[in-house]
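The next block is upload_23.cif, given as mmCIF, C-alpha atoms.
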data_run
#
loop_
_atom_site.label_atom_id
_atom_site.label_comp_id
_atom_site.auth_asym_id
_atom_site.auth_seq_id
_atom_site.Cartn_x
_atom_site.Cartn_y
_atom_site.Cartn_z
CA MET W 1 17.84 -12.38 57.57
CA SER W 2 14.68 -10.40 56.78
CA SER W 3 10.96 -10.92 56.52
CA SER W 4 11.29 -11.55 52.80
CA GLY W 5 13.06 -14.84 53.48
CA PRO W 6 16.57 -15.98 54.26
CA PRO W 7 19.22 -15.39 51.62
CA SER W 8 20.38 -18.30 49.54
CA ASP W 9 23.82 -19.40 48.50
CA ALA W 10 22.45 -19.60 44.96
CA ASP W 11 23.35 -16.77 42.61
CA ASP W 12 20.52 -14.26 42.04
CA SER W 13 20.89 -14.81 38.30
CA ASP W 14 19.80 -18.45 38.62
CA SER W 15 16.68 -19.12 36.58
CA THR W 16 14.23 -21.93 36.26
CA VAL W 17 15.40 -24.68 33.92
CA LEU W 18 12.86 -25.68 31.26
CA ASP W 19 12.78 -28.79 29.12
CA GLU W 20 12.25 -28.88 25.34
CA SER W 21 8.47 -28.55 25.78
CA GLY W 22 8.80 -25.48 27.97
CA ASN W 23 7.93 -27.33 31.20
CA VAL W 24 9.91 -26.99 34.40
CA GLU W 25 12.57 -29.67 34.72
CA PRO W 26 11.69 -31.99 37.64
CA GLY W 27 13.57 -30.98 40.78
CA VAL W 28 14.94 -27.77 39.27
CA LEU W 29 13.31 -24.56 40.55
CA ASP W 30 14.80 -21.13 41.13
CA LYS W 31 15.33 -19.31 44.41
CA GLU W 32 12.37 -16.97 43.87
CA PHE W 33 9.98 -19.92 43.75
CA PHE W 34 10.97 -21.12 47.22
CA GLU W 35 10.97 -17.61 48.64
CA ALA W 36 7.42 -17.10 47.33
CA LEU W 37 6.39 -20.48 48.74
CA VAL W 38 7.62 -19.56 52.23
CA GLU W 39 6.24 -16.02 52.12
CA ASN W 40 2.78 -16.86 50.80
CA GLY W 41 2.02 -20.12 52.54
CA SER W 42 -1.07 -20.29 54.74
CA ASP W 43 0.99 -21.18 57.84
CA ALA W 44 3.00 -18.64 59.80
CA ILE W 45 6.75 -19.31 59.86
CA VAL W 46 8.97 -17.78 62.53
CA SER W 47 12.71 -18.34 62.99
CA ILE W 48 14.68 -17.48 66.15
CA ASP W 49 18.31 -17.58 67.26
CA GLU W 50 19.73 -19.16 70.43
CA ASN W 51 18.61 -16.12 72.42
CA SER W 52 14.99 -16.47 71.27
CA ARG W 53 15.33 -13.34 69.14
CA ILE W 54 13.12 -13.43 66.02
CA LEU W 55 15.25 -13.50 62.86
CA PHE W 56 12.55 -14.09 60.28
CA ALA W 57 8.76 -13.93 60.00
CA ASN W 58 6.78 -14.59 56.83
CA ARG W 59 3.73 -12.65 55.68
CA SER W 60 1.25 -15.05 57.25
CA VAL W 61 2.21 -13.86 60.74
CA GLU W 62 -0.04 -10.87 60.09
CA ARG W 63 -3.08 -13.13 59.62
CA VAL W 64 -2.21 -15.40 62.56
CA PHE W 65 -0.75 -12.93 65.09
CA GLY W 66 -1.85 -9.50 63.85
CA TYR W 67 1.72 -8.22 63.42
CA GLU W 68 3.48 -7.11 60.26
CA PRO W 69 6.60 -9.28 59.71
CA ASP W 70 8.94 -6.28 60.22
CA GLU W 71 7.27 -5.59 63.59
CA LEU W 72 8.40 -9.00 64.87
CA VAL W 73 11.91 -9.27 63.42
CA GLY W 74 14.39 -8.37 66.17
CA GLU W 75 11.82 -8.88 68.95
CA PRO W 76 11.91 -11.74 71.48
CA LEU W 77 9.74 -14.76 70.71
CA THR W 78 7.86 -14.08 73.94
CA THR W 79 6.18 -11.18 72.09
CA ILE W 80 3.75 -13.74 70.61
CA MET W 81 3.63 -15.95 73.69
CA PRO W 82 1.23 -15.75 76.69
CA GLU W 83 3.08 -14.47 79.75
CA ARG W 84 2.45 -17.64 81.76
CA PHE W 85 4.70 -19.55 79.34
CA HIS W 86 7.67 -17.16 79.33
CA ASP W 87 9.69 -18.76 82.13
CA ALA W 88 9.06 -22.30 80.91
CA HIS W 89 10.14 -21.31 77.39
CA HIS W 90 13.44 -19.79 78.54
CA GLU W 91 14.18 -22.79 80.77
CA ALA W 92 13.41 -25.23 77.92
CA ILE W 93 15.69 -23.36 75.48
CA GLU W 94 18.49 -23.20 78.02
CA ARG W 95 18.20 -26.91 78.83
CA TYR W 96 18.16 -27.88 75.16
CA LEU W 97 21.25 -25.80 74.34
CA GLU W 98 23.12 -27.34 77.26
CA THR W 99 21.98 -30.97 77.05
CA GLY W 100 20.13 -31.47 73.77
CA GLU W 101 17.14 -32.65 75.81
CA ARG W 102 13.71 -31.65 74.49
CA THR W 103 10.99 -30.91 77.02
CA LEU W 104 8.20 -31.37 74.45
CA ASP W 105 7.55 -33.01 71.11
CA TRP W 106 8.74 -30.82 68.24
CA ARG W 107 6.16 -32.11 65.78
CA ASP W 108 2.52 -30.98 65.78
CA VAL W 109 2.59 -29.78 69.38
CA GLU W 110 -0.45 -27.68 70.27
CA LEU W 111 0.18 -24.50 72.26
CA PRO W 112 -1.57 -21.15 72.68
CA ALA W 113 0.01 -17.97 71.29
CA LYS W 114 -0.76 -14.30 71.95
CA HIS W 115 -2.29 -12.14 69.24
CA ALA W 116 -1.33 -8.48 68.89
CA ASP W 117 -4.72 -7.47 70.33
CA GLY W 118 -4.17 -9.65 73.41
CA HIS W 119 -6.45 -12.64 72.73
CA GLU W 120 -5.04 -16.14 72.53
CA VAL W 121 -4.67 -18.15 69.33
CA GLN W 122 -4.49 -21.95 69.42
CA LEU W 123 -1.62 -23.23 67.28
CA SER W 124 -0.32 -26.52 65.97
CA ILE W 125 3.46 -26.09 65.71
CA THR W 126 6.28 -28.08 64.14
CA PHE W 127 9.81 -27.02 65.15
CA GLU W 128 13.01 -27.59 63.20
CA GLU W 129 16.64 -26.79 63.99
CA HIS W 130 19.10 -25.85 61.23
CA ARG W 131 22.23 -23.76 60.70
CA TYR W 132 22.54 -20.45 58.88
CA ASP W 133 25.88 -18.63 58.48
CA GLY W 134 27.31 -21.06 61.03
CA GLU W 135 24.71 -20.13 63.69
CA ARG W 136 21.99 -22.33 65.15
CA VAL W 137 18.52 -21.30 64.03
CA PHE W 138 15.18 -22.66 65.25
CA SER W 139 12.15 -22.36 62.98
CA GLY W 140 8.53 -23.01 63.77
CA ILE W 141 5.76 -23.68 61.24
CA MET W 142 2.60 -22.49 63.00
CA ARG W 143 -0.97 -23.35 61.95
CA ASP W 144 -3.99 -21.63 63.49
CA VAL W 145 -6.27 -24.41 64.82
CA THR W 146 -8.44 -22.19 67.04
CA ASP W 147 -11.70 -23.12 65.29
CA ARG W 148 -11.03 -26.85 65.63
CA VAL W 149 -10.05 -26.57 69.30
CA GLU W 150 -13.20 -24.57 70.06
CA ARG W 151 -15.34 -27.19 68.30
CA GLU W 152 -13.69 -29.94 70.34
CA ARG W 153 -14.31 -28.04 73.57
CA GLU W 154 -17.98 -27.54 72.66
CA LEU W 155 -18.24 -31.23 71.83
CA GLU W 156 -16.77 -32.07 75.24
CA ARG W 157 -19.24 -29.75 77.01
CA GLN W 158 -22.17 -31.36 75.18
CA ASN W 159 -20.99 -34.84 76.06
CA GLU W 160 -20.56 -33.88 79.72
CA GLN W 161 -24.17 -32.62 79.79
CA LEU W 162 -25.36 -35.91 78.33
CA GLU W 163 -23.32 -37.85 80.88
CA ARG W 164 -24.98 -35.90 83.72
CA PHE W 165 -28.41 -36.56 82.22
CA ALA W 166 -27.64 -40.27 81.83
CA SER W 167 -26.46 -40.41 85.46
CA PHE W 168 -29.73 -38.82 86.61
CA VAL W 169 -31.80 -41.30 84.60
CA SER W 170 -29.74 -44.26 85.76
CA HIS W 171 -29.82 -43.51 89.48
CA ASP W 172 -32.65 -41.11 90.32
CA LEU W 173 -35.21 -42.97 88.19
CA ARG W 174 -33.99 -46.57 88.21
CA ASP W 175 -33.47 -46.86 91.97
CA PRO W 176 -37.11 -46.06 92.90
CA LEU W 177 -38.24 -48.35 90.09
CA GLN W 178 -36.25 -51.27 91.48
CA THR W 179 -37.73 -50.56 94.91
CA ALA W 180 -41.24 -50.67 93.46
CA LYS W 181 -40.53 -53.97 91.69
CA ALA W 182 -39.22 -55.44 94.95
CA ASP W 183 -42.37 -54.29 96.76
CA VAL W 184 -44.56 -55.98 94.16
CA ALA W 185 -42.58 -59.21 94.55
CA ILE W 186 -43.15 -59.09 98.34
CA LEU W 187 -46.88 -58.53 97.86
CA GLU W 188 -47.05 -61.45 95.42
CA SER W 189 -45.31 -63.73 97.91
CA GLU W 190 -47.77 -62.74 100.64
CA TYR W 191 -51.05 -62.67 98.70
CA GLY W 192 -50.31 -64.87 95.72
CA THR W 193 -50.58 -64.00 92.04
CA ASP W 194 -53.25 -61.59 91.00
CA GLU W 195 -54.24 -59.89 87.73
CA LEU W 196 -53.56 -56.52 89.33
CA PHE W 197 -50.04 -57.59 90.29
CA ASP W 198 -49.44 -58.88 86.75
CA GLU W 199 -50.50 -55.55 85.25
CA LEU W 200 -48.27 -53.69 87.72
CA ASP W 201 -45.35 -55.97 86.84
CA GLU W 202 -45.86 -55.26 83.12
CA THR W 203 -46.02 -51.51 83.77
CA LEU W 204 -42.81 -51.57 85.79
CA ASP W 205 -41.07 -53.69 83.15
CA ARG W 206 -42.13 -51.18 80.48
CA MET W 207 -40.75 -48.34 82.60
CA ASP W 208 -37.49 -50.28 82.96
CA ALA W 209 -37.30 -50.71 79.17
CA LEU W 210 -38.00 -47.00 78.69
CA ILE W 211 -35.14 -46.09 81.04
CA ASP W 212 -32.79 -48.42 79.10
CA ASP W 213 -33.78 -46.79 75.81
CA VAL W 214 -33.43 -43.25 77.19
CA LEU W 215 -29.93 -44.10 78.45
CA THR W 216 -29.05 -45.52 75.03
CA LEU W 217 -30.49 -42.44 73.35
CA ALA W 218 -28.42 -40.15 75.57
CA LYS W 219 -25.26 -42.10 74.79
CA GLN W 220 -25.85 -42.38 71.04
CA GLY W 221 -26.80 -38.71 70.76
CA LYS W 222 -23.31 -37.60 71.75
CA THR W 223 -21.45 -35.69 69.09
CA ILE W 224 -19.10 -37.93 67.17
CA GLY W 225 -15.40 -37.32 67.80
CA GLU W 226 -12.86 -39.66 66.24
CA THR W 227 -14.08 -42.18 63.65
CA ALA W 228 -12.39 -45.06 61.88
CA THR W 229 -12.89 -46.95 58.65
CA VAL W 230 -14.97 -50.04 59.47
CA GLU W 231 -16.24 -52.88 57.27
CA LEU W 232 -20.04 -52.70 57.02
CA PRO W 233 -20.50 -56.48 56.61
CA ASP W 234 -18.46 -57.16 59.76
CA VAL W 235 -20.37 -54.61 61.85
CA ALA W 236 -23.76 -55.76 60.56
CA ARG W 237 -23.03 -59.41 61.33
CA ALA W 238 -21.68 -58.56 64.79
CA ALA W 239 -24.86 -56.57 65.53
CA TRP W 240 -27.02 -59.46 64.31
CA ARG W 241 -25.35 -61.88 66.74
CA THR W 242 -26.23 -59.67 69.73
CA ALA W 243 -29.63 -58.35 68.64
CA GLY W 244 -31.61 -61.36 69.85
CA VAL W 245 -33.16 -62.10 66.44
CA GLU W 246 -31.97 -65.69 65.99
CA THR W 247 -35.08 -66.91 64.12
CA ALA W 248 -34.78 -64.25 61.38
CA THR W 249 -32.40 -64.27 58.40
CA LEU W 250 -29.66 -61.76 57.56
CA ASP W 251 -28.49 -61.18 53.98
CA VAL W 252 -25.47 -58.87 53.54
CA GLU W 253 -24.21 -57.85 50.10
CA ASP W 254 -20.64 -59.05 49.57
CA ASP W 255 -19.39 -55.82 47.98
CA ILE W 256 -21.02 -53.37 50.39
CA GLY W 257 -17.58 -52.08 51.42
CA SER W 258 -16.64 -49.83 54.33
CA VAL W 259 -17.65 -46.57 55.96
CA ARG W 260 -16.08 -44.08 58.37
CA ALA W 261 -17.95 -44.37 61.66
CA ASP W 262 -17.85 -44.97 65.38
CA ARG W 263 -18.04 -48.77 65.29
CA GLU W 264 -19.87 -49.18 68.60
CA ARG W 265 -22.60 -46.72 67.65
CA LEU W 266 -22.94 -48.14 64.15
CA GLU W 267 -23.43 -51.58 65.70
CA THR W 268 -26.17 -50.15 67.94
CA LEU W 269 -27.83 -48.62 64.87
CA PHE W 270 -27.94 -52.02 63.16
CA GLN W 271 -29.20 -53.76 66.32
CA ASN W 272 -32.16 -51.39 66.59
CA LEU W 273 -33.07 -51.79 62.93
CA PHE W 274 -32.88 -55.59 63.17
CA ARG W 275 -35.07 -55.67 66.30
CA ASN W 276 -37.50 -53.28 64.65
CA ALA W 277 -37.79 -55.62 61.65
CA VAL W 278 -38.55 -58.65 63.84
CA GLN W 279 -40.99 -56.68 65.97
CA HIS W 280 -43.02 -55.44 63.00
CA ALA W 281 -42.48 -58.11 60.34
CA GLY W 282 -42.32 -61.31 62.39
CA ALA W 283 -39.71 -63.71 63.72
CA ASP W 284 -39.03 -65.27 60.28
CA VAL W 285 -38.31 -61.97 58.51
CA THR W 286 -35.35 -61.64 56.14
CA VAL W 287 -33.28 -58.48 56.53
CA ARG W 288 -30.92 -57.27 53.79
CA VAL W 289 -28.02 -54.82 54.17
CA GLY W 290 -26.84 -53.31 50.90
CA ALA W 291 -24.88 -50.47 49.34
CA LEU W 292 -26.03 -47.11 47.99
CA PRO W 293 -23.91 -44.77 45.83
CA ASP W 294 -23.36 -42.52 48.88
CA GLY W 295 -24.08 -44.85 51.78
CA PHE W 296 -26.02 -48.01 52.63
CA TYR W 297 -29.52 -49.34 53.34
CA VAL W 298 -31.26 -51.87 55.59
CA ALA W 299 -34.45 -53.46 54.20
CA ASP W 300 -36.79 -56.29 55.19
CA ASP W 301 -39.39 -58.42 53.38
CA GLY W 302 -42.18 -57.63 55.84
CA PRO W 303 -45.46 -55.80 55.26
CA GLY W 304 -43.87 -52.35 55.20
CA PHE W 305 -45.20 -49.25 56.90
CA GLY W 306 -48.88 -49.53 55.93
CA THR W 307 -50.64 -46.27 56.77
CA GLU W 308 -47.76 -45.00 58.92
CA ALA W 309 -46.14 -41.75 57.80
CA PRO W 310 -42.40 -42.46 57.32
CA GLU W 311 -41.45 -39.03 58.67
CA ASP W 312 -43.08 -39.90 62.03
CA LEU W 313 -41.06 -43.06 62.58
CA PHE W 314 -38.04 -41.29 64.06
CA GLU W 315 -40.05 -39.21 66.55
CA TYR W 316 -39.36 -39.91 70.22
CA GLY W 317 -41.89 -42.34 71.67
CA TYR W 318 -43.63 -43.07 68.35
CA THR W 319 -44.74 -46.72 68.12
CA THR W 320 -47.64 -48.79 66.81
CA ASP W 321 -46.74 -51.74 69.05
CA GLU W 322 -48.15 -51.73 72.59
CA SER W 323 -45.07 -53.57 73.86
CA GLY W 324 -42.63 -51.14 72.23
CA THR W 325 -41.10 -48.07 73.80
CA GLY W 326 -41.00 -45.97 70.63
CA PHE W 327 -37.31 -45.16 71.08
CA GLY W 328 -35.66 -47.74 68.78
CA LEU W 329 -35.85 -45.72 65.58
CA SER W 330 -35.24 -42.48 67.49
CA ILE W 331 -31.90 -43.98 68.52
CA VAL W 332 -31.21 -44.87 64.87
CA GLY W 333 -31.94 -41.27 63.87
CA GLU W 334 -29.69 -39.86 66.60
CA ILE W 335 -26.77 -42.08 65.62
CA ALA W 336 -27.14 -41.17 61.94
CA ASP W 337 -27.36 -37.47 62.80
CA ALA W 338 -24.29 -37.67 65.03
CA HIS W 339 -22.34 -39.05 62.05
CA GLY W 340 -23.69 -36.36 59.72
CA TRP W 341 -25.73 -38.88 57.70
CA ALA W 342 -29.26 -38.35 56.36
CA VAL W 343 -31.64 -41.23 57.16
CA SER W 344 -34.95 -41.82 55.41
CA ALA W 345 -37.64 -44.51 55.58
CA THR W 346 -39.23 -45.80 52.39
CA SER W 347 -40.72 -48.95 50.89
CA GLY W 348 -38.40 -51.67 49.65
CA GLU W 349 -38.49 -53.37 46.26
CA THR W 350 -40.69 -56.16 47.65
CA GLY W 351 -42.88 -53.80 49.68
CA GLY W 352 -41.13 -54.18 52.99
CA ALA W 353 -39.57 -51.46 55.14
CA ARG W 354 -36.35 -49.90 53.87
CA PHE W 355 -34.10 -47.46 55.73
CA GLU W 356 -31.55 -45.55 53.66
CA PHE W 357 -28.47 -43.75 54.99
CA HIS W 358 -27.08 -41.08 52.68
CA GLY W 359 -23.86 -39.13 53.14
CA ALA W 360 -21.98 -42.06 54.64
CA THR W 361 -18.54 -42.14 53.05
CA ALA W 362 -18.70 -45.76 51.96
CA SER W 363 -15.88 -47.32 50.01
CA ARG W 364 -15.97 -50.42 47.86
CA GLU W 365 -12.28 -51.05 48.55
CA VAL W 366 -11.45 -53.75 51.04
CA VAL W 367 -9.79 -52.34 54.16
CA GLU W 368 -6.57 -54.11 55.08
#

Take the structure in the file and write it out as structure tokens.
Amino acid sequence: MSSSGPPSDADDSDSTVLDESGNVEPGVLDKEFFEALVENGSDAIVSIDENSRILFANRSVERVFGYEPDELVGEPLTTIMPERFHDAHHEAIERYLETGERTLDWRDVELPAKHADGHEVQLSITFEEHRYDGERVFSGIMRDVTDRVERERELERQNEQLERFASFVSHDLRDPLQTAKADVAILESEYGTDELFDELDETLDRMDALIDDVLTLAKQGKTIGETATVELPDVARAAWRTAGVETATLDVEDDIGSVRADRERLETLFQNLFRNAVQHAGADVTVRVGALPDGFYVADDGPGFGTEAPEDLFEYGYTTDESGTGFGLSIVGEIADAHGWAVSATSGETGGARFEFHGATASREVVE
């Protein structure tokens, strides 16, 4: 068995069978086709015998491991394995040959390998066992997933930083605030209500709301990991039920479809937009959620933005309402950005506020 591929029982004179139109007959391809497929595939393929000696390596091992195929054939598999895994590998092979017991999943297992220059390569590997010339052979199809693993690790580091920040905000800021509110309550019980106490209460309540919004912003700003296909109408209606906007009206297009998203964060996005509509357009506002060719929109029938510059709306702390914290639309922007969507604010057909989300992979097909 060589680096050019294992020999076949088929005769070398076999040729591709063509139909009357000159097309390849379905299911009938010659040996050279399969040899070329194995040799030129993007994934590295390595086959070993029962003694972990490499019998075959395709051309892609050079790109993945930095070795020419002929440099690996005849060498132990541990040549491309970090030293800390050598003993475990030999023990696992020995146990499997004796008992048939596998110590790890053979499909899409992720393990590090060692490159010819010494650095480690993260692989996704699928193992198969087969027989060749009466001998047991083990083959691994190995895909380099180093870039993806590094992205996931960076994502995890970013999320850990946000968690630490959220913990600081939650404890180091909220605890003194609660103490101050308790002190004001004691003063009110001793000296009665006073305009000064009322103003202090309002200030402390505003600080409490700011802390809540900052915590939400920290959470929603996390980089998105796994997403799922979710029905936009379902998420929008669920957000409406918990947004505290009972006096307003929600209108959701029936055929708005679905989108790939983190459902919890998408629900928070809708909640903030619904509250923003009530805050700026009144308790009896009507809010509409509809589809765009590459996403969706949320619009209301209120007075719109007036003299406000739409590009300023998503800035941290920007608000035209004295009772607002200025973080609601910042949270919307962070959630959209975390999903890779582009959000813009514009005027609706009736003059109200309209927020459009482009780049969301919406589908008009109903999800089972």

- Note on the structure: For Gly244 of chain W, the closest of W:Leu104, W:Ile48, W:Ala283, W:Leu266 counting only C-alpha atoms is W:Ala283

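In this comparison, which uses all atoms listed in the file, the residue of W:Ala281, W:Val137, W:Ala291, W:Ala243 approaching Gly257 of chain W most closely is W:Ala291.
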
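The spacing separating atom CA of Gly340 of chain W from atom CA of Thr229 of chain W amounts to 15.2 Å.
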
- Task: Expand the PyMOL selection byres ((chain W and resi 252-254) around 6) into the individual residues it matches in the shown file, reporting them as JSON, numbers by chain.
- Result: {"W": [251, 255, 256, 288, 289, 290]}

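You can rank W:Asp87, W:Glu50, W:Asp262, W:Glu135 by their closest distance to Glu226 of chain W using all atoms listed in the file, and at the top of that list sits W:Asp262.
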
- Task: Just the residues within 6 Å of segment 57-74 of chain W, please, counting all atoms listed in the file, with nothing from its chain fewer than 5 positions along; format it as a ChimeraX atom specification.
- Result: /W:3,39,44-46,115-116

- In Å, rounded to a single decimal, give me how far atom CA of Asn51 of chain W is from atom CA of Leu77 of chain W.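 Between atom CA of Leu77 of chain W and atom CA of Asn51 of chain W the gap works out to 9.1 Å.
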
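You can rank W:Ile54, W:Leu273, W:Ala92, W:Val298 by their closest distance to Ile331 of chain W using all atoms listed in the file, and at the top of that list sits W:Leu273.
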
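Here the question is which of W:Val184, W:Gln271, W:Arg174, W:Arg148 gets nearest to Glu202 of chain W using only C-alpha atoms, and that residue is W:Val184.
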
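In this model, the gap between atom CA of Gly333 of chain W and atom CA of Val149 of chain W comes to 26.9 Å.
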
- Item | Selected residue of minimal separation from Phe305 of chain W among W:Ala353, W:Leu187, W:Val245, W:Leu329, counting all atoms listed in the file |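 Smallest separation from Phe305 of chain W among the options: W:Ala353.
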
- Item | Residues returned when the PyMOL selection byres ((chain W and resi 297) around 12) runs on this file, as number ranges by chain | W: 232-233, 236, 251-253, 256, 269-270, 273, 287-296, 298-300, 341-348, 353-360, 362

- Which residues fall under the PyMOL selection byres ((chain W and resi 80) around 6) in this file, as an MDAnalysis selection string? chainID W and resid 78:79 81 113:114
